[in-house]
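Enquirer: Have a peek at coords_21.cif (mmCIF, C-alpha atoms).
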```cif
data_model
#
loop_
_atom_site.label_atom_id
_atom_site.label_comp_id
_atom_site.auth_asym_id
_atom_site.auth_seq_id
_atom_site.Cartn_x
_atom_site.Cartn_y
_atom_site.Cartn_z
CA MET A 742 17.38 -34.40 -2.03
CA VAL A 743 15.05 -32.55 0.30
CA THR A 744 12.63 -34.78 2.14
CA GLU A 745 9.45 -33.88 3.91
CA THR A 746 8.30 -34.90 7.38
CA PRO A 747 4.73 -33.69 7.98
CA ALA A 748 4.19 -33.04 11.69
CA GLY A 749 1.45 -31.63 13.88
CA ARG A 750 -1.54 -31.90 11.56
CA ALA A 751 -4.31 -34.50 11.89
CA ARG A 752 -4.47 -36.23 8.51
CA ALA A 753 -7.26 -38.04 6.76
CA ALA A 754 -6.36 -41.71 6.59
CA GLY A 755 -6.61 -43.59 3.34
CA VAL A 756 -4.78 -46.08 1.16
CA ALA A 757 -3.87 -44.96 -2.35
CA ALA A 758 -5.09 -47.05 -5.25
CA ARG A 759 -2.16 -48.88 -6.76
CA TRP A 760 -1.98 -49.77 -10.42
CA ARG A 761 0.53 -51.31 -12.77
CA GLY A 762 -0.93 -51.42 -16.25
CA GLY A 763 0.04 -51.14 -19.88
CA ALA A 764 0.59 -47.38 -19.62
CA LEU A 765 3.72 -48.05 -17.56
CA ALA A 766 5.32 -49.98 -20.36
CA ARG A 767 4.30 -47.42 -23.00
CA ALA A 768 6.00 -44.62 -21.08
CA ALA A 769 9.12 -46.61 -20.17
CA VAL A 770 11.33 -45.55 -23.08
CA ARG A 771 10.77 -41.84 -22.43
CA ARG A 772 11.46 -42.31 -18.71
CA ARG A 773 14.61 -44.39 -18.92
CA SER A 774 16.70 -41.85 -20.79
CA GLU A 775 16.24 -39.16 -18.15
CA ALA A 776 16.38 -41.65 -15.28
CA ARG A 777 19.73 -43.04 -16.41
CA SER A 778 21.11 -39.54 -16.91
CA TRP A 779 20.18 -38.48 -13.36
CA ALA A 780 21.37 -41.73 -11.81
CA ALA A 781 24.62 -41.49 -13.78
CA ARG A 782 25.29 -38.06 -12.32
CA LEU A 783 24.71 -39.32 -8.79
CA LEU A 784 26.89 -42.38 -9.40
CA ALA A 785 29.63 -40.19 -10.87
CA LEU A 786 29.43 -37.99 -7.78
CA ALA A 787 29.76 -41.07 -5.58
CA ALA A 788 32.82 -42.18 -7.59
CA LEU A 789 34.45 -38.78 -7.10
CA CYS A 790 33.82 -39.16 -3.38
CA LEU A 791 35.58 -42.50 -3.07
CA PRO A 792 38.97 -41.00 -2.07
CA LEU A 793 37.38 -38.51 0.35
CA ALA A 794 36.81 -39.51 3.95
CA GLY A 795 33.30 -38.73 5.18
CA CYS A 796 31.92 -37.95 1.71
CA GLY A 797 29.14 -40.51 2.16
CA THR A 798 29.80 -42.64 -0.93
CA LEU A 799 27.54 -45.53 0.12
CA TYR A 800 24.85 -43.07 1.09
CA LEU A 801 25.01 -41.44 -2.35
CA LEU A 802 24.91 -44.85 -4.03
CA GLN A 803 21.71 -45.84 -2.23
CA ALA A 804 20.24 -42.43 -3.11
CA ALA A 805 21.11 -42.94 -6.78
CA GLY A 806 19.57 -46.41 -6.80
CA GLY A 807 16.41 -45.24 -5.03
CA GLU A 808 16.02 -42.27 -7.34
CA LEU A 809 16.46 -44.46 -10.42
CA LYS A 810 13.63 -46.74 -9.26
CA VAL A 811 11.29 -43.79 -8.65
CA LEU A 812 12.02 -42.31 -12.08
CA HIS A 813 11.44 -45.67 -13.72
CA GLU A 814 7.85 -45.75 -12.43
CA ARG A 815 6.74 -42.37 -13.79
CA VAL A 816 3.75 -42.12 -16.10
CA PRO A 817 2.31 -38.83 -17.43
CA ILE A 818 -0.85 -37.95 -15.52
CA ALA A 819 -2.56 -36.89 -18.76
CA GLN A 820 -1.86 -40.35 -20.16
CA LEU A 821 -3.36 -42.06 -17.11
CA LEU A 822 -6.47 -39.88 -17.31
CA ALA A 823 -6.92 -40.82 -20.96
CA ASP A 824 -6.47 -44.55 -20.28
CA PRO A 825 -9.84 -46.32 -19.75
CA HIS A 826 -8.13 -48.93 -17.55
CA THR A 827 -7.15 -46.38 -14.89
CA PRO A 828 -9.15 -47.19 -11.72
CA PRO A 829 -11.84 -44.59 -10.93
CA ALA A 830 -10.43 -43.82 -7.47
CA LEU A 831 -6.98 -43.09 -8.89
CA ARG A 832 -8.49 -41.05 -11.73
CA ALA A 833 -10.41 -38.86 -9.24
CA ARG A 834 -7.27 -38.16 -7.18
CA LEU A 835 -5.18 -37.36 -10.25
CA LEU A 836 -7.80 -34.91 -11.53
CA LYS A 837 -7.48 -33.04 -8.24
CA VAL A 838 -3.71 -33.19 -8.48
CA GLN A 839 -3.88 -31.74 -11.98
CA ALA A 840 -6.10 -28.86 -10.84
CA ALA A 841 -3.91 -28.07 -7.81
CA ARG A 842 -0.79 -28.19 -9.99
CA GLU A 843 -2.22 -25.61 -12.39
CA PHE A 844 -3.29 -23.42 -9.46
CA ALA A 845 0.23 -23.58 -8.06
CA SER A 846 1.74 -22.04 -11.19
CA GLN A 847 -1.04 -19.66 -12.15
CA GLN A 848 -2.10 -18.30 -8.76
CA LEU A 849 0.81 -19.04 -6.40
CA HIS A 850 3.47 -18.18 -9.01
CA LEU A 851 5.37 -21.40 -8.34
CA PRO A 852 7.55 -22.99 -11.05
CA ASP A 853 5.64 -23.99 -14.20
CA ASN A 854 7.63 -27.02 -15.27
CA ARG A 855 7.28 -30.80 -15.66
CA SER A 856 7.30 -31.55 -11.94
CA TYR A 857 4.12 -33.14 -10.52
CA ARG A 858 2.71 -33.78 -13.98
CA THR A 859 3.63 -37.46 -13.80
CA TYR A 860 2.62 -40.22 -11.39
CA ALA A 861 4.78 -42.98 -9.89
CA ASP A 862 3.42 -46.00 -8.05
CA ILE A 863 6.27 -46.92 -5.70
CA GLY A 864 4.43 -49.81 -4.04
CA ARG A 865 5.07 -48.79 -0.42
CA ASP A 866 3.67 -46.39 2.19
CA PHE A 867 6.69 -44.07 2.28
CA VAL A 868 9.26 -43.15 -0.32
CA VAL A 869 12.04 -42.27 2.13
CA TRP A 870 12.78 -42.70 5.83
CA ASN A 871 14.47 -39.73 7.47
CA VAL A 872 16.94 -40.13 10.31
CA VAL A 873 17.41 -37.13 12.61
CA ALA A 874 19.95 -37.19 15.44
CA ALA A 875 20.92 -34.86 18.29
CA PRO A 876 23.46 -35.26 21.11
CA GLU A 877 22.09 -36.56 24.40
CA PHE A 878 22.41 -33.14 26.01
CA SER A 879 21.76 -30.73 23.13
CA VAL A 880 18.68 -29.55 21.23
CA GLU A 881 20.70 -28.86 18.08
CA PRO A 882 20.47 -31.56 15.37
CA LYS A 883 23.51 -33.28 13.95
CA ARG A 884 24.26 -32.10 10.42
CA TRP A 885 25.55 -33.98 7.37
CA CYS A 886 27.17 -32.28 4.39
CA PHE A 887 27.10 -33.44 0.75
CA PRO A 888 28.37 -31.98 -2.52
CA VAL A 889 24.91 -31.45 -4.05
CA ALA A 890 22.49 -30.55 -1.25
CA GLY A 891 25.04 -28.93 1.06
CA CYS A 892 24.56 -29.45 4.79
CA VAL A 893 21.23 -30.79 6.04
CA ASP A 894 19.79 -31.81 9.40
CA TYR A 895 18.79 -35.35 8.42
CA ARG A 896 19.70 -38.35 6.28
CA GLY A 897 17.07 -39.84 3.97
CA TYR A 898 17.08 -43.54 3.07
CA PHE A 899 15.01 -45.32 0.43
CA SER A 900 15.16 -48.44 2.60
CA GLU A 901 13.54 -48.46 6.04
CA GLN A 902 15.94 -51.17 7.18
CA ARG A 903 18.99 -49.10 6.24
CA ALA A 904 17.52 -46.10 8.00
CA ARG A 905 16.99 -48.11 11.17
CA GLU A 906 20.48 -49.60 10.99
CA PHE A 907 21.98 -46.13 10.64
CA ALA A 908 19.85 -44.80 13.51
CA ALA A 909 20.86 -47.75 15.71
CA ALA A 910 24.54 -47.01 15.08
CA LEU A 911 24.03 -43.38 16.06
CA ALA A 912 22.19 -44.46 19.23
CA VAL A 913 25.16 -46.64 20.19
CA GLU A 914 27.31 -43.51 19.90
CA GLY A 915 25.02 -41.82 22.44
CA TYR A 916 22.79 -39.75 20.16
CA ASP A 917 19.06 -39.25 20.55
CA VAL A 918 17.57 -40.42 17.25
CA ALA A 919 14.24 -40.18 15.43
CA ILE A 920 13.05 -42.04 12.33
CA GLU A 921 10.22 -40.67 10.22
CA GLY A 922 8.64 -42.23 7.14
CA VAL A 923 7.98 -39.45 4.62
CA PRO A 924 5.67 -39.42 1.59
CA ALA A 925 7.54 -37.02 -0.72
CA TYR A 926 10.82 -35.30 -1.47
CA SER A 927 12.18 -32.67 -3.81
CA THR A 928 15.19 -32.77 -6.10
CA LEU A 929 15.07 -28.96 -6.27
CA GLY A 930 14.01 -28.91 -9.91
CA ARG A 931 16.99 -30.90 -11.19
CA PHE A 932 14.48 -33.16 -12.92
CA ALA A 933 10.72 -33.64 -13.13
CA ASP A 934 9.58 -34.82 -9.68
CA PRO A 935 6.51 -37.09 -9.89
CA VAL A 936 3.43 -37.32 -7.70
CA LEU A 937 4.06 -40.48 -5.67
CA SER A 938 1.56 -43.11 -4.61
CA SER A 939 2.78 -42.49 -1.05
CA MET A 940 1.41 -38.93 -1.32
CA LEU A 941 -2.05 -40.26 -2.11
CA ARG A 942 -2.32 -41.91 1.30
CA TYR A 943 -3.45 -38.57 2.71
CA GLY A 944 -6.47 -36.37 2.11
CA ASP A 945 -6.92 -34.04 -0.85
CA ASP A 946 -5.95 -30.95 1.16
CA ASP A 947 -2.67 -32.47 2.33
CA LEU A 948 -1.92 -33.70 -1.18
CA ALA A 949 -2.29 -30.19 -2.60
CA ALA A 950 -0.29 -28.72 0.28
CA THR A 951 2.57 -31.16 -0.34
CA ILE A 952 2.75 -30.15 -4.00
CA PHE A 953 2.88 -26.46 -3.01
CA HIS A 954 5.60 -27.22 -0.44
CA GLU A 955 7.79 -29.14 -2.87
CA LEU A 956 7.47 -26.55 -5.63
CA ALA A 957 8.46 -23.87 -3.11
CA HIS A 958 11.77 -25.71 -2.64
CA GLN A 959 12.35 -25.40 -6.38
CA LEU A 960 11.65 -21.68 -6.19
CA LEU A 961 14.10 -20.93 -3.37
CA TYR A 962 16.69 -23.12 -1.68
CA VAL A 963 19.67 -21.94 0.38
CA ARG A 964 22.59 -24.27 0.84
CA ASP A 965 23.39 -25.31 4.41
CA ASP A 966 20.23 -23.86 5.97
CA SER A 967 17.51 -26.49 6.50
CA GLU A 968 15.58 -24.25 8.90
CA PHE A 969 15.28 -21.43 6.36
CA ASN A 970 14.37 -23.77 3.50
CA GLU A 971 11.74 -25.78 5.34
CA ALA A 972 10.12 -22.80 7.04
CA PHE A 973 9.89 -20.96 3.71
CA ALA A 974 8.31 -23.98 2.02
CA THR A 975 5.95 -24.56 4.97
CA THR A 976 4.81 -20.94 4.80
CA VAL A 977 4.09 -21.24 1.07
CA GLU A 978 2.31 -24.54 1.75
CA ASP A 979 0.02 -23.03 4.39
CA VAL A 980 -0.74 -19.84 2.51
CA GLY A 981 -1.18 -21.77 -0.71
CA LEU A 982 -3.57 -24.27 0.81
CA GLU A 983 -5.80 -21.57 2.30
CA ARG A 984 -5.95 -19.77 -1.05
CA TRP A 985 -6.59 -23.06 -2.87
CA LEU A 986 -9.54 -23.87 -0.61
CA ALA A 987 -10.94 -20.36 -1.03
CA HIS A 988 -10.49 -20.62 -4.80
CA GLN A 989 -12.66 -23.74 -4.79
CA GLY A 990 -15.33 -22.00 -2.73
CA GLU A 991 -14.77 -24.38 0.19
CA THR A 992 -15.64 -21.89 2.94
CA GLU A 993 -16.19 -24.55 5.58
CA ARG A 994 -12.87 -26.23 4.82
CA VAL A 995 -11.14 -22.86 5.10
CA HIS A 996 -12.54 -22.52 8.63
CA VAL A 997 -11.41 -26.06 9.49
CA PHE A 998 -7.94 -25.36 8.09
CA ARG A 999 -7.61 -22.19 10.18
CA SER A 1000 -8.64 -24.10 13.31
CA GLU A 1001 -6.07 -26.81 12.56
CA GLN A 1002 -3.44 -24.15 11.92
CA ALA A 1003 -4.16 -22.49 15.28
CA LEU A 1004 -3.86 -25.87 16.99
CA ASP A 1005 -0.57 -26.51 15.19
CA GLU A 1006 0.77 -23.17 16.41
CA ARG A 1007 -0.09 -24.06 20.00
CA PHE A 1008 1.53 -27.46 19.58
CA THR A 1009 4.77 -26.09 18.11
CA GLY A 1010 4.72 -23.39 20.80
CA LEU A 1011 4.85 -26.12 23.45
CA LEU A 1012 7.83 -27.66 21.69
CA THR A 1013 9.66 -24.32 21.48
CA VAL A 1014 9.18 -23.72 25.21
CA THR A 1015 10.35 -27.26 25.96
CA ARG A 1016 13.48 -26.80 23.85
CA ALA A 1017 14.19 -23.59 25.79
CA ARG A 1018 13.87 -25.49 29.09
CA LEU A 1019 16.20 -28.19 27.83
CA THR A 1020 18.72 -25.63 26.57
CA ARG A 1021 18.91 -24.06 30.02
CA LEU A 1022 19.22 -27.49 31.61
CA TYR A 1023 22.02 -28.64 29.29
CA ALA A 1024 23.93 -25.40 29.91
CA SER A 1025 23.98 -26.07 33.65
CA ALA A 1026 26.84 -27.72 35.49
CA LEU A 1027 24.78 -30.62 36.83
CA PRO A 1028 26.28 -34.14 36.83
CA ARG A 1029 25.23 -36.33 33.89
CA GLU A 1030 22.91 -38.54 35.93
CA GLN A 1031 21.06 -35.49 37.27
CA LEU A 1032 20.87 -34.12 33.74
CA ARG A 1033 19.25 -37.37 32.55
CA SER A 1034 16.74 -37.32 35.39
CA ALA A 1035 15.79 -33.67 34.80
CA LYS A 1036 15.59 -34.28 31.04
CA ALA A 1037 13.13 -37.14 31.59
CA GLN A 1038 11.00 -34.92 33.83
CA ILE A 1039 10.85 -32.21 31.17
CA PHE A 1040 9.71 -34.69 28.53
CA ASP A 1041 7.11 -36.12 30.93
CA ALA A 1042 5.80 -32.59 31.43
CA LEU A 1043 5.65 -32.08 27.64
CA THR A 1044 3.59 -35.27 27.29
CA ASP A 1045 1.12 -33.96 29.86
CA GLU A 1046 0.94 -30.60 28.10
CA VAL A 1047 0.30 -32.22 24.70
CA ARG A 1048 -2.47 -34.36 26.23
CA ALA A 1049 -4.01 -31.25 27.75
CA LEU A 1050 -3.84 -29.55 24.34
CA GLU A 1051 -5.67 -32.49 22.75
CA LYS A 1052 -8.37 -32.28 25.38
CA SER A 1053 -8.78 -28.52 25.04
CA SER A 1054 -9.13 -28.80 21.26
CA GLY A 1055 -12.64 -30.17 21.73
CA LEU A 1056 -12.14 -32.63 18.88
CA GLY A 1057 -12.19 -35.69 21.12
CA LEU A 1058 -9.39 -37.24 19.05
CA PRO A 1059 -5.93 -38.50 20.05
CA LEU A 1060 -4.23 -36.17 17.56
CA TYR A 1061 -0.67 -36.75 18.72
CA ASP A 1062 -0.78 -40.39 19.90
CA GLU A 1063 1.49 -41.69 17.16
CA TRP A 1064 3.97 -38.87 17.66
CA LEU A 1065 4.13 -39.43 21.41
CA ALA A 1066 4.28 -43.22 21.08
CA ALA A 1067 7.45 -42.95 18.98
CA GLY A 1068 9.22 -41.52 22.03
CA LEU A 1069 10.18 -37.97 22.94
CA ASN A 1070 13.80 -36.92 22.73
CA ASN A 1071 16.02 -34.11 21.49
CA ALA A 1072 15.98 -35.39 17.91
CA ARG A 1073 12.19 -35.42 17.65
CA LEU A 1074 11.99 -31.82 18.89
CA ALA A 1075 14.72 -30.80 16.45
CA ALA A 1076 12.88 -32.42 13.53
CA VAL A 1077 9.73 -30.37 14.17
CA ALA A 1078 11.69 -27.19 14.87
CA THR A 1079 13.43 -27.44 11.49
CA TYR A 1080 10.07 -27.08 9.75
CA TYR A 1081 8.13 -24.72 11.99
CA GLU A 1082 10.31 -22.60 14.24
CA CYS A 1083 10.96 -19.87 11.65
CA VAL A 1084 7.49 -19.90 10.08
CA PRO A 1085 6.18 -16.96 12.18
CA GLY A 1086 9.04 -14.85 10.81
CA PHE A 1087 8.14 -15.72 7.23
CA MET A 1088 4.48 -14.96 7.92
CA ARG A 1089 5.50 -11.52 9.21
CA LEU A 1090 7.54 -11.02 6.05
CA LEU A 1091 4.50 -11.90 3.94
CA ARG A 1092 2.31 -9.42 5.82
CA GLN A 1093 4.97 -6.73 5.33
CA GLN A 1094 4.57 -7.34 1.59
CA ASP A 1095 0.77 -6.87 1.84
CA ASP A 1096 0.26 -10.62 1.29
CA ASP A 1097 1.58 -10.26 -2.26
CA LEU A 1098 3.37 -13.55 -3.04
CA LEU A 1099 5.63 -12.18 -5.77
CA ARG A 1100 6.88 -9.44 -3.46
CA PHE A 1101 7.21 -12.01 -0.67
CA TYR A 1102 9.36 -14.27 -2.84
CA ALA A 1103 11.58 -11.31 -3.78
CA ALA A 1104 11.96 -10.34 -0.11
CA ALA A 1105 12.79 -13.94 0.83
CA ARG A 1106 15.44 -14.11 -1.91
CA GLU A 1107 16.96 -10.87 -0.63
CA LEU A 1108 17.01 -12.30 2.89
CA ALA A 1109 18.60 -15.50 1.59
CA ARG A 1110 21.59 -13.47 0.42
CA ALA A 1111 22.27 -12.25 3.96
CA PRO A 1112 24.64 -14.18 6.27
CA ARG A 1113 22.97 -17.15 7.96
CA ALA A 1114 23.15 -15.60 11.44
CA GLU A 1115 21.52 -12.38 10.21
CA ARG A 1116 18.59 -14.02 8.45
CA HIS A 1117 17.98 -16.32 11.42
CA ALA A 1118 17.99 -13.34 13.77
CA ARG A 1119 15.36 -11.63 11.60
CA LEU A 1120 13.19 -14.67 10.94
CA CYS A 1121 13.58 -16.80 14.04
CA GLY A 1122 14.24 -14.07 16.57
CA GLU A 1123 11.41 -14.97 18.93
CA ALA A 1124 12.26 -18.65 18.92
CA SER A 1125 15.96 -17.92 19.30
CA THR A 1126 15.26 -15.63 22.26
CA ALA A 1127 13.17 -18.36 23.90
CA LEU A 1128 15.98 -20.89 23.41
CA ARG A 1129 18.56 -18.53 24.89
#
```
In structure tokens, what does this structure look like?
Expert:
Amino acid sequence: MVTETPAGRARAAGVAARWRGGALARAAVRRRSEARSWAARLLALAALCLPLAGCGTLYLLQAAGGELKVLHERVPIAQLLADPHTPPALRARLLKVQAAREFASQQLHLPDNRSYRTYADIGRDFVVWNVVAAPEFSVEPKRWCFPVAGCVDYRGYFSEQRAREFAAALAVEGYDVAIEGVPAYSTLGRFADPVLSSMLRYGDDDLAATIFHELAHQLLYVRDDSEFNEAFATTVEDVGLERWLAHQGETERVHVFRSEQALDERFTGLLTVTRARLTRLYASALPREQLRSAKAQIFDALTDEVRALEKSSGLGLPLYDEWLAAGLNNARLAAVATYYECVPGFMRLLRQQDDDLLRFYAAARELARAPRAERHARLCGEASTALR
């Protein structure tokens, strides 16, 4: 399971229309067969893990249960659009989803399959809560390894309470922790991922971008390399969204998107520089108490820099209030870096392919076959140099 943590972009607020009508019951039989098959595979995997220390059996069990519930709620979007009882607000959003989904396959050359052609009302704001952790004096995230997804830089929980309990246990061990509610995740094409009601909480642009991002994971996924996977998907998301807006003739929204993207780049640039400062600090021979004091000063400076960035944007909005209020630490920087630090390298790769997406995908696949250290040196060289 690959979960998504959107960061750095001001999002349009909104509450998705929620509906539980007769269409749910009519689609139940078709859903249950596939749902049980997928859950059975996860449960079987958990059973195989029982004798193995550290295999994460309970974690896999909660993932299987959460996935089963999501699959149980799926309804074909075409069926909802044909149902006269579907609320108008939901119908309007699903029409836009349908159009963006077709664009993804026809124009962005993303997988043309059953994913994002169904809708699931999950009845909560987020589908999963991610837990990211990093040692007190390190900018590198803790990693967890599983038989299906390989090694990843986070743990996703379908229950917020379980996520917070796990994070609290890590904090007791001395880790910096971060918890993020996320609206969507990908099963990498192993079954038909639905559009979730949690995805509809955001604006139309972010909804389309999320679909592009998740389909990109189905196109290319490298085991044990979260930074490569998320940066690739984020690149496809950004390029796809700009082309989607242009395709619709939304010239003004294209300009707004480019302005937001430039602001995002400045924001993530601040985080990269801060991680470099922290890396140098943690490599020093200072006593632990002095390290803690200097660490706090660096994060205070980052807060001031982010506030200055907000002011210079000219938008007059507290763009990063929620992010800052959650508390700055190593884990929060690592979470953003996983998604964005290697994006400039992928953008260079796209330009080298004359902005041709098919050639870009082929070049990314070729790079994915290289050793991890080599592809990171080529893609994340500037960020890696800053950190060193």
Enquirer: Check what the PyMOL selection byres ((chain A and resi 912-929) around 6) selects in the file above and give those residues as a PyMOL selection string.
Expert: chain A and resi 742-746+867-877+909-911+930-931+939-940+955+958-959+1072-1073
Enquirer: Emit the selected residues as a PDB file, in the coordinates of the input, including C-alpha atoms.
Expert:
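File written: selection_29.pdb
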```pdb
ATOM      1  CA  MET A 742      17.380 -34.400  -2.030  1.00  0.00           C
ATOM      2  CA  VAL A 743      15.050 -32.550   0.300  1.00  0.00           C
ATOM      3  CA  THR A 744      12.630 -34.780   2.140  1.00  0.00           C
ATOM      4  CA  GLU A 745       9.450 -33.880   3.910  1.00  0.00           C
ATOM      5  CA  THR A 746       8.300 -34.900   7.380  1.00  0.00           C
ATOM      6  CA  PHE A 867       6.690 -44.070   2.280  1.00  0.00           C
ATOM      7  CA  VAL A 868       9.260 -43.150  -0.320  1.00  0.00           C
ATOM      8  CA  VAL A 869      12.040 -42.270   2.130  1.00  0.00           C
ATOM      9  CA  TRP A 870      12.780 -42.700   5.830  1.00  0.00           C
ATOM     10  CA  ASN A 871      14.470 -39.730   7.470  1.00  0.00           C
ATOM     11  CA  VAL A 872      16.940 -40.130  10.310  1.00  0.00           C
ATOM     12  CA  VAL A 873      17.410 -37.130  12.610  1.00  0.00           C
ATOM     13  CA  ALA A 874      19.950 -37.190  15.440  1.00  0.00           C
ATOM     14  CA  ALA A 875      20.920 -34.860  18.290  1.00  0.00           C
ATOM     15  CA  PRO A 876      23.460 -35.260  21.110  1.00  0.00           C
ATOM     16  CA  GLU A 877      22.090 -36.560  24.400  1.00  0.00           C
ATOM     17  CA  ALA A 909      20.860 -47.750  15.710  1.00  0.00           C
ATOM     18  CA  ALA A 910      24.540 -47.010  15.080  1.00  0.00           C
ATOM     19  CA  LEU A 911      24.030 -43.380  16.060  1.00  0.00           C
ATOM     20  CA  GLY A 930      14.010 -28.910  -9.910  1.00  0.00           C
ATOM     21  CA  ARG A 931      16.990 -30.900 -11.190  1.00  0.00           C
ATOM     22  CA  SER A 939       2.780 -42.490  -1.050  1.00  0.00           C
ATOM     23  CA  MET A 940       1.410 -38.930  -1.320  1.00  0.00           C
ATOM     24  CA  GLU A 955       7.790 -29.140  -2.870  1.00  0.00           C
ATOM     25  CA  HIS A 958      11.770 -25.710  -2.640  1.00  0.00           C
ATOM     26  CA  GLN A 959      12.350 -25.400  -6.380  1.00  0.00           C
ATOM     27  CA  ALA A1072      15.980 -35.390  17.910  1.00  0.00           C
ATOM     28  CA  ARG A1073      12.190 -35.420  17.650  1.00  0.00           C
TER      29      ARG A1073
END
```
Enquirer: Skip Arg858 in chain A itself and residues of its chain fewer than 4 positions away, then list as a PyMOL selection string all residues within 12 Å of it, counting only C-alpha atoms.
Expert: chain A and resi 815-822+835-843+853-854+932-937+952
Enquirer: Store the residues picked out above in a file with C-alpha atoms, as a short mmCIF file (atom, residue, chain, number, x, y, z; two decimals), in the coordinates of the input.
Expert:
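Generated output (again31.cif):
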```cif
data_model
loop_
_atom_site.label_atom_id
_atom_site.label_comp_id
_atom_site.auth_asym_id
_atom_site.auth_seq_id
_atom_site.Cartn_x
_atom_site.Cartn_y
_atom_site.Cartn_z
CA ARG A 815 6.74 -42.37 -13.79
CA VAL A 816 3.75 -42.12 -16.10
CA PRO A 817 2.31 -38.83 -17.43
CA ILE A 818 -0.85 -37.95 -15.52
CA ALA A 819 -2.56 -36.89 -18.76
CA GLN A 820 -1.86 -40.35 -20.16
CA LEU A 821 -3.36 -42.06 -17.11
CA LEU A 822 -6.47 -39.88 -17.31
CA LEU A 835 -5.18 -37.36 -10.25
CA LEU A 836 -7.80 -34.91 -11.53
CA LYS A 837 -7.48 -33.04 -8.24
CA VAL A 838 -3.71 -33.19 -8.48
CA GLN A 839 -3.88 -31.74 -11.98
CA ALA A 840 -6.10 -28.86 -10.84
CA ALA A 841 -3.91 -28.07 -7.81
CA ARG A 842 -0.79 -28.19 -9.99
CA GLU A 843 -2.22 -25.61 -12.39
CA ASP A 853 5.64 -23.99 -14.20
CA ASN A 854 7.63 -27.02 -15.27
CA PHE A 932 14.48 -33.16 -12.92
CA ALA A 933 10.72 -33.64 -13.13
CA ASP A 934 9.58 -34.82 -9.68
CA PRO A 935 6.51 -37.09 -9.89
CA VAL A 936 3.43 -37.32 -7.70
CA LEU A 937 4.06 -40.48 -5.67
CA ILE A 952 2.75 -30.15 -4.00
#
```
Enquirer: What's the separation between CA of Val880 in chain A and CA of Asn1071 in chain A, in Å to one decimal place?
Expert: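 Rounded to one decimal, the two atoms are 5.3 Å apart.
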Enquirer: For this file, the PyMOL selection byres ((chain A and resi 884) around 10) selects which residues, as a list in words?
Expert: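 That expression, the PyMOL selection byres ((chain A and resi 884) around 10), corresponds here to Val873, Ala874, Ala875, Glu881, Pro882, Lys883, Trp885, Cys886, Gly891, Cys892, Val893, Asp894, Tyr895, Arg896, Asp965 and Ser967 of chain A.
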Enquirer: Report the residues retrieved by the PyMOL selection byres ((chain A and resi 1085-1093) around 10) from the displayed file, expressed as a count of residues only.
Expert: 34
Enquirer: If we count all atoms listed in the file and set the cut-off at 12 Å, which residues sit around range 1014-1022 of chain A, ignoring sequence neighbours fewer than 6 positions away in its own chain? Please answer as a PyMOL selection string.
Expert: chain A and resi 877-882+1007-1008+1028-1029+1031-1044+1046-1047+1069-1078+1082+1123-1129
Enquirer: Between CA of Glu808 in chain A and CA of Ala861 in chain A, what is the distance, to one decimal in Å?
Expert: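 Calculated distance between CA of Glu808 in chain A and CA of Ala861 in chain A is 11.5 Å.
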Enquirer: How far is it from CA of Ile863 in chain A to CA of Gly806 in chain A, in Å with one decimal?
Expert: 13.4 Å
Enquirer: Using all atoms listed in the file, pick whichever of A:Leu941, A:Leu851, A:Leu812, A:Tyr800 has the shortest atom-to-atom distance to Asp866 in chain A.
Expert: A:Leu941
Enquirer: Using all atoms listed in the file, can you tell me which of A:Leu956, A:Ala833, A:Gly864, A:Asp1045 comes closest to His850 in chain A?
Expert: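 Of A:Leu956, A:Ala833, A:Gly864, A:Asp1045, the one nearest His850 in chain A is A:Leu956, counting all atoms listed in the file.
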Enquirer: Considering all atoms listed in the file, can you say which of A:Ala845, A:Leu1060, A:Val963, A:Ala1103 comes closest to Gly981 in chain A?
Expert: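 Looking at the shortest contact to Gly981 in chain A, the residue is A:Ala845.
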Enquirer: Missing atoms in range 839-846 of chain A should be modelled up to N, CA and C atoms and reported as a PDB file, in the coordinates of the input.
Expert:
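selection_33.pdb, written as the output of this step:
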```
ATOM      1  N   GLN A 839      -4.053 -32.553 -10.782  1.00  0.00           N
ATOM      2  CA  GLN A 839      -3.880 -31.740 -11.980  1.00  0.00           C
ATOM      3  C   GLN A 839      -4.378 -30.307 -11.757  1.00  0.00           C
ATOM      4  N   ALA A 840      -5.535 -30.191 -11.100  1.00  0.00           N
ATOM      5  CA  ALA A 840      -6.100 -28.860 -10.840  1.00  0.00           C
ATOM      6  C   ALA A 840      -5.226 -28.077  -9.866  1.00  0.00           C
ATOM      7  N   ALA A 841      -4.762 -28.744  -8.795  1.00  0.00           N
ATOM      8  CA  ALA A 841      -3.910 -28.070  -7.810  1.00  0.00           C
ATOM      9  C   ALA A 841      -2.576 -27.668  -8.432  1.00  0.00           C
ATOM     10  N   ARG A 842      -2.069 -28.503  -9.338  1.00  0.00           N
ATOM     11  CA  ARG A 842      -0.790 -28.190  -9.990  1.00  0.00           C
ATOM     12  C   ARG A 842      -0.919 -26.935 -10.853  1.00  0.00           C
ATOM     13  N   GLU A 843      -2.014 -26.812 -11.577  1.00  0.00           N
ATOM     14  CA  GLU A 843      -2.220 -25.610 -12.390  1.00  0.00           C
ATOM     15  C   GLU A 843      -2.389 -24.375 -11.498  1.00  0.00           C
ATOM     16  N   PHE A 844      -3.103 -24.531 -10.399  1.00  0.00           N
ATOM     17  CA  PHE A 844      -3.290 -23.420  -9.460  1.00  0.00           C
ATOM     18  C   PHE A 844      -1.947 -22.962  -8.914  1.00  0.00           C
ATOM     19  N   ALA A 845      -1.072 -23.914  -8.627  1.00  0.00           N
ATOM     20  CA  ALA A 845       0.230 -23.580  -8.060  1.00  0.00           C
ATOM     21  C   ALA A 845       1.010 -22.628  -8.964  1.00  0.00           C
ATOM     22  N   SER A 846       0.994 -22.887 -10.258  1.00  0.00           N
ATOM     23  CA  SER A 846       1.740 -22.040 -11.190  1.00  0.00           C
ATOM     24  C   SER A 846       1.009 -20.741 -11.509  1.00  0.00           C
TER      25      SER A 846
END
```
